[in-house]
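Here's the structure we're looking at; comments come further down.
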Amino acid sequence: MGIKRKDKPKIIIVLGPTSSGKSELAVKLSLKFNGEVVSADSRQVYRGMDIGSGKITPEEMKGVPHHLLDVASPKRKFTVAQYKELSQKAIEKILKKKKTPVVCGGTAFYIAALVNGIVIPEVSPDWKLRKELERKNTEQLYKELKKKDPVRAKNIDKRNKRRLIRAFEIIKETKRPVPKIKTKPPYSPLYLGIKISQEELNKKIKKRLKKRLKLRMVEETKRIKDNGVSWKRIEGFGLEYRWTALYLQDKINYEEMKQGIIANTRKLSKRQMQWWKRDERINWVKNYREAEALTKTFLWLSEG
RNA sequence: GCCGCGGUAGCUCAGUGGUAGAGCGUCUCUCUGAAAAAGAGAAAGUCGUCGGUUCAAUUCCGACUCGCGGCA
């Protein structure tokens, strides 16, 4: 009925805490609904970081094309803004082929930037300025911001140095106050969240660690180091990379490394859920069947 | 059996003659180019048990109990 106007393109989003089985679900849905996967993971974008980041293997892809993996060098910093741009392009390409984009990942900020269409101020990081401002204390910074940009000062986290510094960065570059955040959702999304109990997740986290160690995860970190990435930078990647790096430097023992990874991963999964748990757009599914049913309805029946 | 050390928040431990703190964990929460990042707030302890000294004891003294180490 009616003529199709400028309906927003439909995309599927698979999200959930780390270790919950997102990748597999995304592949299954892609196979069923003629999709291609767009990863939304802040670590899997880096080349050479495969085991520790839990990157899907070519076999596991089962022929489904994956985007936004291996798009950056670990030597250089990758940011949300770059993610947004690249992932949007990938989605356009997929749509042009009349296929369905399946965004899949655990980096909530990346998903939000892409799917909610957060407009990020066009000011790239100024590391010199950041370093400089890093020396000041938060109170000072906040006071100054209040003078320069009272509006932003009002809703900023006044104890969060990183945010304060970013505000100055924008002001300095644009010579204007920090713009108000805008969102222009460019797509019509179906959100699928993987529902899993903390207990079950803990089990999976342990199991997964064992498997990764067997796959020579520690050696992978060593390789990254040998390729010229500093220990500091590697530690900055967090989790697997951080703890294996500490172990390789002899700062902790093997057991401490394992415990560290487990504890940190658990923490991460909680933070991820924190981000999503109040989001009413998300359909929480227990298994593939539920996901498939929802997707079917979304893709076919809503054609109207 | 004797000697020594210890028993304080879920865990590891600080500390004080005027009824207690930290780190980690837990629970809420924030998120404007680092997001596996960066931050905010809260709950939580009859200070091993029983007595004594004292105006006042978690802190000093004694007994008991449990744990650890040493000597027999």
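Residue numbers start at 1 in each chain; chains themselves are named A, B, ... in the order of the structure tokens; ligands are numbered from 1 in the order shown.
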Residues at most 10 Å from U28 of chain B, counting only C-alpha atoms (C1' of nucleotides), excluding those fewer than 4 positions away in the same chain, as a ChimeraX atom specification? /B:41-43
For chain B against chain A, which residues fall within 9 Å using only C-alpha atoms (C1' of nucleotides), given as a ChimeraX atom specification? /B:29-40
Residues near Ile91 of chain A, anyone? I mean within 9 Å using only C-alpha atoms (C1' of nucleotides), not counting same-chain ones fewer than 6 positions away, as an MDAnalysis selection string. chainID A and resid 11 36 38 67 100:103
Print the selection's residues with N, CA and C atoms to a file, as a tab-separated table (two decimals), in the first residue's frame.
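Saved as out_37.tsv:
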chain	number	residue	atom	x	y	z
A	11	ILE	N	18.15	-1.71	9.78
A	11	ILE	CA	19.36	-2.43	10.19
A	11	ILE	C	19.09	-3.21	11.48
A	36	GLU	N	25.10	-8.77	6.15
A	36	GLU	CA	26.54	-8.65	6.32
A	36	GLU	C	26.78	-7.99	7.66
A	38	VAL	N	28.55	-5.75	10.53
A	38	VAL	CA	29.37	-4.58	10.80
A	38	VAL	C	29.75	-4.63	12.27
A	67	HIS	N	32.65	-6.35	8.35
A	67	HIS	CA	33.26	-5.03	8.16
A	67	HIS	C	33.75	-4.46	9.48
A	100	THR	N	21.17	-6.86	4.17
A	100	THR	CA	20.81	-6.28	5.47
A	100	THR	C	22.04	-6.09	6.36
A	101	PRO	N	22.28	-4.88	6.82
A	101	PRO	CA	23.40	-4.66	7.74
A	101	PRO	C	23.06	-5.21	9.13
A	102	VAL	N	24.00	-5.96	9.67
A	102	VAL	CA	23.84	-6.48	11.03
A	102	VAL	C	24.99	-5.93	11.86
A	103	VAL	N	24.69	-4.91	12.64
A	103	VAL	CA	25.71	-4.32	13.50
A	103	VAL	C	25.86	-5.20	14.73
Mind checking which residues fall within 12 Å of segment 13-15 of chain B, counting only C-alpha atoms (C1' of nucleotides), ignoring those fewer than 3 positions away in the same chain, and posting them as a ChimeraX atom specification? /B:8-9,20-24,47,58-59
Taking C-alpha atoms (C1' of nucleotides) for each residue, export the selection above as a PDB file, in the first residue's frame.
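Output file result_27.pdb follows:
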ATOM      1  C1'   U B   8      38.712  -4.890  62.957  1.00  0.00           C
ATOM      2  C1'   A B   9      33.554  -4.176  56.432  1.00  0.00           C
ATOM      3  C1'   A B  20      36.491   3.286  63.587  1.00  0.00           C
ATOM      4  C1'   G B  21      39.215   3.899  58.369  1.00  0.00           C
ATOM      5  C1'   A B  22      41.802   2.467  53.288  1.00  0.00           C
ATOM      6  C1'   G B  23      42.249  -0.553  48.918  1.00  0.00           C
ATOM      7  C1'   C B  24      39.607  -4.296  46.381  1.00  0.00           C
ATOM      8  C1'   C B  47      36.664  -3.889  66.251  1.00  0.00           C
ATOM      9  C1'   U B  58      38.009  -1.714  69.796  1.00  0.00           C
ATOM     10  C1'   U B  59      42.563   0.433  72.047  1.00  0.00           C
TER      11        U B  59
END
Could you check which of A:Lys55, A:Lys146, A:Lys154, A:Lys172 is closest to Ser19 of chain A, using only C-alpha atoms?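 That would be A:Lys55, the residue with the smallest distance to Ser19 of chain A.
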Which distance in Å separates atom C1' of G1 of chain B and atom C1' of G67 of chain B, to one decimal? 18.3 Å
Please provide the set of residues having any atom within 12 Å of C61 of chain B, restricted to only C-alpha atoms (C1' of nucleotides), with same-chain residues fewer than 5 positions apart removed, written as a count of residues only. 4
Between atom CA of Lys214 of chain A and atom CA of Glu24 of chain A, distance in Å (one decimal):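 About the pair atom CA of Lys214 of chain A and atom CA of Glu24 of chain A: they are 20.6 Å apart.
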Pull the strand (DSSP E) assignments for segment 26-72 of chain A out of DSSP run on the backbone, and list those residues as a list in words.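 Checking each residue of segment 26-72 of chain A, the strand (DSSP E) ones are Gly35, Glu36, Val37, Val38, Ser39, His66 and His67 of chain A.
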So which residues of segment 56-239 of chain A fall under alpha helix (DSSP H) by DSSP, listed as a CSV table (one decimal) with N, CA and C atoms, in the first residue's frame?
chain,number,residue,atom,x,y,z
A,58,PRO,N,37.9,-16.6,10.2
A,58,PRO,CA,37.4,-16.7,8.9
A,58,PRO,C,36.4,-17.9,8.8
A,59,GLU,N,36.7,-19.0,9.5
A,59,GLU,CA,35.9,-20.2,9.5
A,59,GLU,C,34.5,-19.9,10.1
A,60,GLU,N,34.6,-19.2,11.2
A,60,GLU,CA,33.4,-18.9,12.0
A,60,GLU,C,32.5,-17.9,11.2
A,61,MET,N,33.1,-17.2,10.3
A,61,MET,CA,32.3,-16.2,9.5
A,61,MET,C,31.3,-16.9,8.6
A,80,VAL,N,36.0,7.1,18.1
A,80,VAL,CA,34.6,6.9,17.7
A,80,VAL,C,34.3,7.6,16.4
A,81,ALA,N,34.8,8.8,16.2
A,81,ALA,CA,34.5,9.5,15.0
A,81,ALA,C,34.9,8.8,13.8
A,82,GLN,N,36.1,8.2,13.9
A,82,GLN,CA,36.5,7.4,12.7
A,82,GLN,C,35.6,6.1,12.6
A,83,TYR,N,35.3,5.6,13.7
A,83,TYR,CA,34.4,4.4,13.6
A,83,TYR,C,33.1,4.8,12.9
A,84,LYS,N,32.5,5.9,13.3
A,84,LYS,CA,31.2,6.3,12.8
A,84,LYS,C,31.3,6.5,11.3
A,85,GLU,N,32.3,7.1,10.8
A,85,GLU,CA,32.5,7.4,9.4
A,85,GLU,C,32.6,6.1,8.6
A,86,LEU,N,33.5,5.3,9.1
A,86,LEU,CA,33.8,4.0,8.4
A,86,LEU,C,32.6,3.1,8.4
A,87,SER,N,31.9,3.0,9.5
A,87,SER,CA,30.8,2.1,9.6
A,87,SER,C,29.6,2.6,8.8
A,88,GLN,N,29.5,3.9,8.7
A,88,GLN,CA,28.4,4.4,7.9
A,88,GLN,C,28.6,4.0,6.4
A,89,LYS,N,29.9,4.2,6.0
A,89,LYS,CA,30.2,3.8,4.6
A,89,LYS,C,29.9,2.3,4.4
A,90,ALA,N,30.3,1.5,5.3
A,90,ALA,CA,30.1,0.1,5.2
A,90,ALA,C,28.7,-0.2,5.0
A,91,ILE,N,27.9,0.4,5.8
A,91,ILE,CA,26.4,0.2,5.8
A,91,ILE,C,25.8,0.6,4.4
A,92,GLU,N,26.3,1.7,3.9
A,92,GLU,CA,25.8,2.1,2.6
A,92,GLU,C,26.1,1.1,1.5
A,93,LYS,N,27.3,0.6,1.6
A,93,LYS,CA,27.8,-0.4,0.7
A,93,LYS,C,26.9,-1.7,0.8
A,94,ILE,N,26.6,-2.1,1.9
A,94,ILE,CA,25.7,-3.3,2.1
A,94,ILE,C,24.3,-3.0,1.6
A,95,LEU,N,23.8,-1.8,1.9
A,95,LEU,CA,22.5,-1.5,1.4
A,95,LEU,C,22.4,-1.5,-0.1
A,96,LYS,N,23.4,-1.0,-0.7
A,96,LYS,CA,23.5,-0.9,-2.1
A,96,LYS,C,23.4,-2.3,-2.8
A,108,ALA,N,29.3,0.1,23.4
A,108,ALA,CA,28.0,0.8,23.4
A,108,ALA,C,28.1,2.2,22.8
A,109,PHE,N,29.2,2.8,23.0
A,109,PHE,CA,29.5,4.2,22.5
A,109,PHE,C,29.5,4.2,21.0
A,110,TYR,N,30.2,3.2,20.5
A,110,TYR,CA,30.3,3.1,19.0
A,110,TYR,C,28.9,2.9,18.4
A,111,ILE,N,28.2,2.0,19.0
A,111,ILE,CA,26.8,1.7,18.5
A,111,ILE,C,26.0,3.0,18.5
A,127,TRP,N,46.7,16.3,21.0
A,127,TRP,CA,47.4,15.6,22.2
A,127,TRP,C,48.3,16.5,22.9
A,128,LYS,N,48.8,17.5,22.3
A,128,LYS,CA,49.7,18.4,23.0
A,128,LYS,C,48.9,19.2,24.0
A,129,LEU,N,47.8,19.7,23.6
A,129,LEU,CA,46.9,20.4,24.5
A,129,LEU,C,46.5,19.5,25.6
A,130,ARG,N,46.1,18.3,25.3
A,130,ARG,CA,45.7,17.4,26.3
A,130,ARG,C,46.7,17.1,27.4
A,131,LYS,N,47.9,17.0,26.9
A,131,LYS,CA,49.0,16.7,27.9
A,131,LYS,C,49.2,17.9,28.8
A,132,GLU,N,49.1,19.1,28.1
A,132,GLU,CA,49.3,20.3,28.9
A,132,GLU,C,48.3,20.5,30.0
A,133,LEU,N,47.0,20.3,29.5
A,133,LEU,CA,45.9,20.6,30.5
A,133,LEU,C,45.9,19.5,31.6
A,134,GLU,N,46.5,18.3,31.2
A,134,GLU,CA,46.5,17.2,32.2
A,134,GLU,C,47.1,17.6,33.5
A,138,THR,N,41.3,19.4,38.4
A,138,THR,CA,40.0,19.4,37.9
A,138,THR,C,39.2,20.7,38.3
A,139,GLU,N,39.5,21.1,39.5
A,139,GLU,CA,38.8,22.3,40.0
A,139,GLU,C,39.1,23.5,39.2
A,140,GLN,N,40.4,23.7,38.9
A,140,GLN,CA,40.9,24.8,38.1
A,140,GLN,C,40.2,24.7,36.7
A,141,LEU,N,40.2,23.6,36.1
A,141,LEU,CA,39.7,23.4,34.8
A,141,LEU,C,38.2,23.7,34.8
A,142,TYR,N,37.5,23.2,35.8
A,142,TYR,CA,36.1,23.5,35.9
A,142,TYR,C,35.8,25.0,36.0
A,143,LYS,N,36.5,25.6,36.8
A,143,LYS,CA,36.3,27.1,37.0
A,143,LYS,C,36.5,27.8,35.7
A,144,GLU,N,37.5,27.4,35.0
A,144,GLU,CA,37.8,28.1,33.7
A,144,GLU,C,36.7,27.8,32.7
A,145,LEU,N,36.3,26.6,32.7
A,145,LEU,CA,35.2,26.2,31.7
A,145,LEU,C,33.9,27.0,32.0
A,146,LYS,N,33.7,27.2,33.3
A,146,LYS,CA,32.5,28.0,33.7
A,146,LYS,C,32.5,29.4,33.1
A,147,LYS,N,33.7,29.9,33.0
A,147,LYS,CA,33.8,31.2,32.4
A,147,LYS,C,33.7,31.2,30.9
A,148,LYS,N,34.3,30.2,30.3
A,148,LYS,CA,34.4,30.2,28.8
A,148,LYS,C,33.1,29.6,28.2
A,150,PRO,N,29.6,28.5,30.0
A,150,PRO,CA,28.8,28.2,31.1
A,150,PRO,C,27.7,27.1,30.8
A,151,VAL,N,27.3,27.0,29.6
A,151,VAL,CA,26.3,26.0,29.2
A,151,VAL,C,26.8,24.6,29.4
A,152,ARG,N,28.0,24.4,28.8
A,152,ARG,CA,28.6,23.1,28.8
A,152,ARG,C,29.0,22.8,30.3
A,153,ALA,N,29.4,23.8,31.0
A,153,ALA,CA,29.9,23.6,32.4
A,153,ALA,C,28.7,23.1,33.2
A,154,LYS,N,27.5,23.5,32.8
A,154,LYS,CA,26.4,23.1,33.6
A,154,LYS,C,26.1,21.6,33.7
A,155,ASN,N,26.3,21.0,32.5
A,155,ASN,CA,25.9,19.6,32.5
A,155,ASN,C,27.1,18.6,32.4
A,161,LYS,N,38.2,14.9,34.4
A,161,LYS,CA,39.3,15.7,33.8
A,161,LYS,C,39.2,15.5,32.3
A,162,ARG,N,39.1,14.2,31.9
A,162,ARG,CA,39.1,13.9,30.4
A,162,ARG,C,38.0,14.7,29.7
A,163,ARG,N,36.9,14.7,30.3
A,163,ARG,CA,35.8,15.5,29.6
A,163,ARG,C,36.0,17.0,29.6
A,164,LEU,N,36.5,17.5,30.7
A,164,LEU,CA,36.8,18.9,30.8
A,164,LEU,C,37.8,19.3,29.7
A,165,ILE,N,38.9,18.5,29.6
A,165,ILE,CA,39.9,18.8,28.6
A,165,ILE,C,39.3,18.8,27.2
A,166,ARG,N,38.5,17.8,27.0
A,166,ARG,CA,37.9,17.7,25.7
A,166,ARG,C,37.1,19.0,25.4
A,167,ALA,N,36.4,19.5,26.3
A,167,ALA,CA,35.6,20.7,26.2
A,167,ALA,C,36.5,21.9,25.8
A,168,PHE,N,37.7,22.0,26.4
A,168,PHE,CA,38.6,23.1,26.1
A,168,PHE,C,39.1,22.9,24.7
A,169,GLU,N,39.4,21.6,24.3
A,169,GLU,CA,39.9,21.3,23.0
A,169,GLU,C,38.9,21.9,21.9
A,170,ILE,N,37.7,21.6,22.1
A,170,ILE,CA,36.6,22.1,21.2
A,170,ILE,C,36.6,23.6,21.1
A,171,ILE,N,36.6,24.2,22.3
A,171,ILE,CA,36.5,25.6,22.4
A,171,ILE,C,37.7,26.3,21.7
A,172,LYS,N,38.8,25.8,22.0
A,172,LYS,CA,40.1,26.3,21.4
A,172,LYS,C,40.1,26.3,19.9
A,173,GLU,N,39.7,25.2,19.3
A,173,GLU,CA,39.7,24.9,17.9
A,173,GLU,C,38.6,25.7,17.2
A,174,THR,N,37.4,25.7,17.7
A,174,THR,CA,36.3,26.3,17.0
A,174,THR,C,36.0,27.7,17.4
A,198,GLN,N,24.3,-13.4,35.0
A,198,GLN,CA,25.7,-13.1,35.4
A,198,GLN,C,26.4,-14.4,35.7
A,199,GLU,N,25.7,-15.3,36.3
A,199,GLU,CA,26.3,-16.6,36.6
A,199,GLU,C,26.8,-17.4,35.4
A,200,GLU,N,25.9,-17.4,34.4
A,200,GLU,CA,26.3,-18.1,33.2
A,200,GLU,C,27.4,-17.4,32.5
A,201,LEU,N,27.3,-16.1,32.6
A,201,LEU,CA,28.4,-15.3,31.9
A,201,LEU,C,29.7,-15.6,32.5
A,202,ASN,N,29.8,-15.6,33.9
A,202,ASN,CA,31.0,-15.9,34.6
A,202,ASN,C,31.6,-17.2,34.1
A,203,LYS,N,30.8,-18.2,33.9
A,203,LYS,CA,31.3,-19.5,33.5
A,203,LYS,C,31.9,-19.4,32.1
A,204,LYS,N,31.2,-18.6,31.2
A,204,LYS,CA,31.7,-18.5,29.9
A,204,LYS,C,33.0,-17.7,29.8
A,205,ILE,N,33.1,-16.7,30.7
A,205,ILE,CA,34.3,-15.9,30.7
A,205,ILE,C,35.5,-16.8,31.1
A,206,LYS,N,35.3,-17.7,32.0
A,206,LYS,CA,36.4,-18.6,32.4
A,206,LYS,C,36.8,-19.5,31.3
A,207,LYS,N,35.8,-20.1,30.7
A,207,LYS,CA,36.0,-21.0,29.7
A,207,LYS,C,36.7,-20.4,28.5
A,208,ARG,N,36.3,-19.2,28.2
A,208,ARG,CA,36.8,-18.5,27.1
A,208,ARG,C,38.3,-18.2,27.3
A,209,LEU,N,38.6,-17.8,28.5
A,209,LEU,CA,40.0,-17.5,28.8
A,209,LEU,C,40.9,-18.7,28.6
A,210,LYS,N,40.5,-19.8,29.1
A,210,LYS,CA,41.2,-21.1,28.9
A,210,LYS,C,41.5,-21.3,27.4
A,211,LYS,N,40.5,-21.2,26.6
A,211,LYS,CA,40.6,-21.4,25.2
A,211,LYS,C,41.6,-20.4,24.6
A,212,ARG,N,41.5,-19.2,25.0
A,212,ARG,CA,42.4,-18.2,24.4
A,212,ARG,C,43.9,-18.4,24.8
A,213,LEU,N,44.1,-18.9,26.0
A,213,LEU,CA,45.5,-19.1,26.4
A,213,LEU,C,46.0,-20.3,25.6
A,214,LYS,N,45.2,-21.2,25.3
A,214,LYS,CA,45.6,-22.3,24.5
A,214,LYS,C,45.9,-21.9,23.1
A,217,MET,N,47.5,-16.7,23.3
A,217,MET,CA,47.2,-15.3,23.5
A,217,MET,C,48.4,-14.5,24.0
A,218,VAL,N,49.1,-15.1,24.9
A,218,VAL,CA,50.2,-14.4,25.5
A,218,VAL,C,51.3,-14.1,24.4
A,219,GLU,N,51.4,-15.1,23.5
A,219,GLU,CA,52.4,-14.9,22.4
A,219,GLU,C,51.9,-13.8,21.5
A,220,GLU,N,50.6,-13.7,21.3
A,220,GLU,CA,50.1,-12.7,20.5
A,220,GLU,C,50.5,-11.3,21.0
A,221,THR,N,50.4,-11.1,22.3
A,221,THR,CA,50.8,-9.9,22.9
A,221,THR,C,52.3,-9.6,22.7
A,222,LYS,N,53.0,-10.6,22.8
A,222,LYS,CA,54.5,-10.5,22.6
A,222,LYS,C,54.7,-10.0,21.1
A,223,ARG,N,54.0,-10.6,20.2
A,223,ARG,CA,54.1,-10.3,18.8
A,223,ARG,C,53.8,-8.8,18.6
A,224,ILE,N,52.8,-8.3,19.2
A,224,ILE,CA,52.4,-6.9,19.1
A,224,ILE,C,53.5,-6.0,19.6
A,225,LYS,N,54.1,-6.4,20.7
A,225,LYS,CA,55.2,-5.7,21.2
A,225,LYS,C,56.4,-5.7,20.3
A,226,ASP,N,56.7,-6.8,19.7
A,226,ASP,CA,57.8,-7.0,18.8
A,226,ASP,C,57.6,-6.1,17.5
A,231,TRP,N,54.8,-1.0,25.6
A,231,TRP,CA,54.1,-1.7,26.7
A,231,TRP,C,53.0,-0.8,27.2
A,232,LYS,N,53.3,0.4,27.3
A,232,LYS,CA,52.3,1.4,27.9
A,232,LYS,C,51.0,1.4,27.0
A,233,ARG,N,51.2,1.4,25.7
A,233,ARG,CA,50.1,1.4,24.8
A,233,ARG,C,49.4,0.1,24.9
A,234,ILE,N,50.1,-1.0,24.9
A,234,ILE,CA,49.4,-2.3,25.0
A,234,ILE,C,48.6,-2.4,26.3
A,235,GLU,N,49.2,-2.0,27.4
A,235,GLU,CA,48.4,-2.0,28.6
A,235,GLU,C,47.2,-1.1,28.5
A,236,GLY,N,47.3,-0.1,27.7
A,236,GLY,CA,46.1,0.8,27.6
A,236,GLY,C,44.9,0.1,26.8
A,239,LEU,N,42.2,-5.3,29.6
A,239,LEU,CA,41.9,-6.7,29.7
A,239,LEU,C,43.0,-7.6,29.3
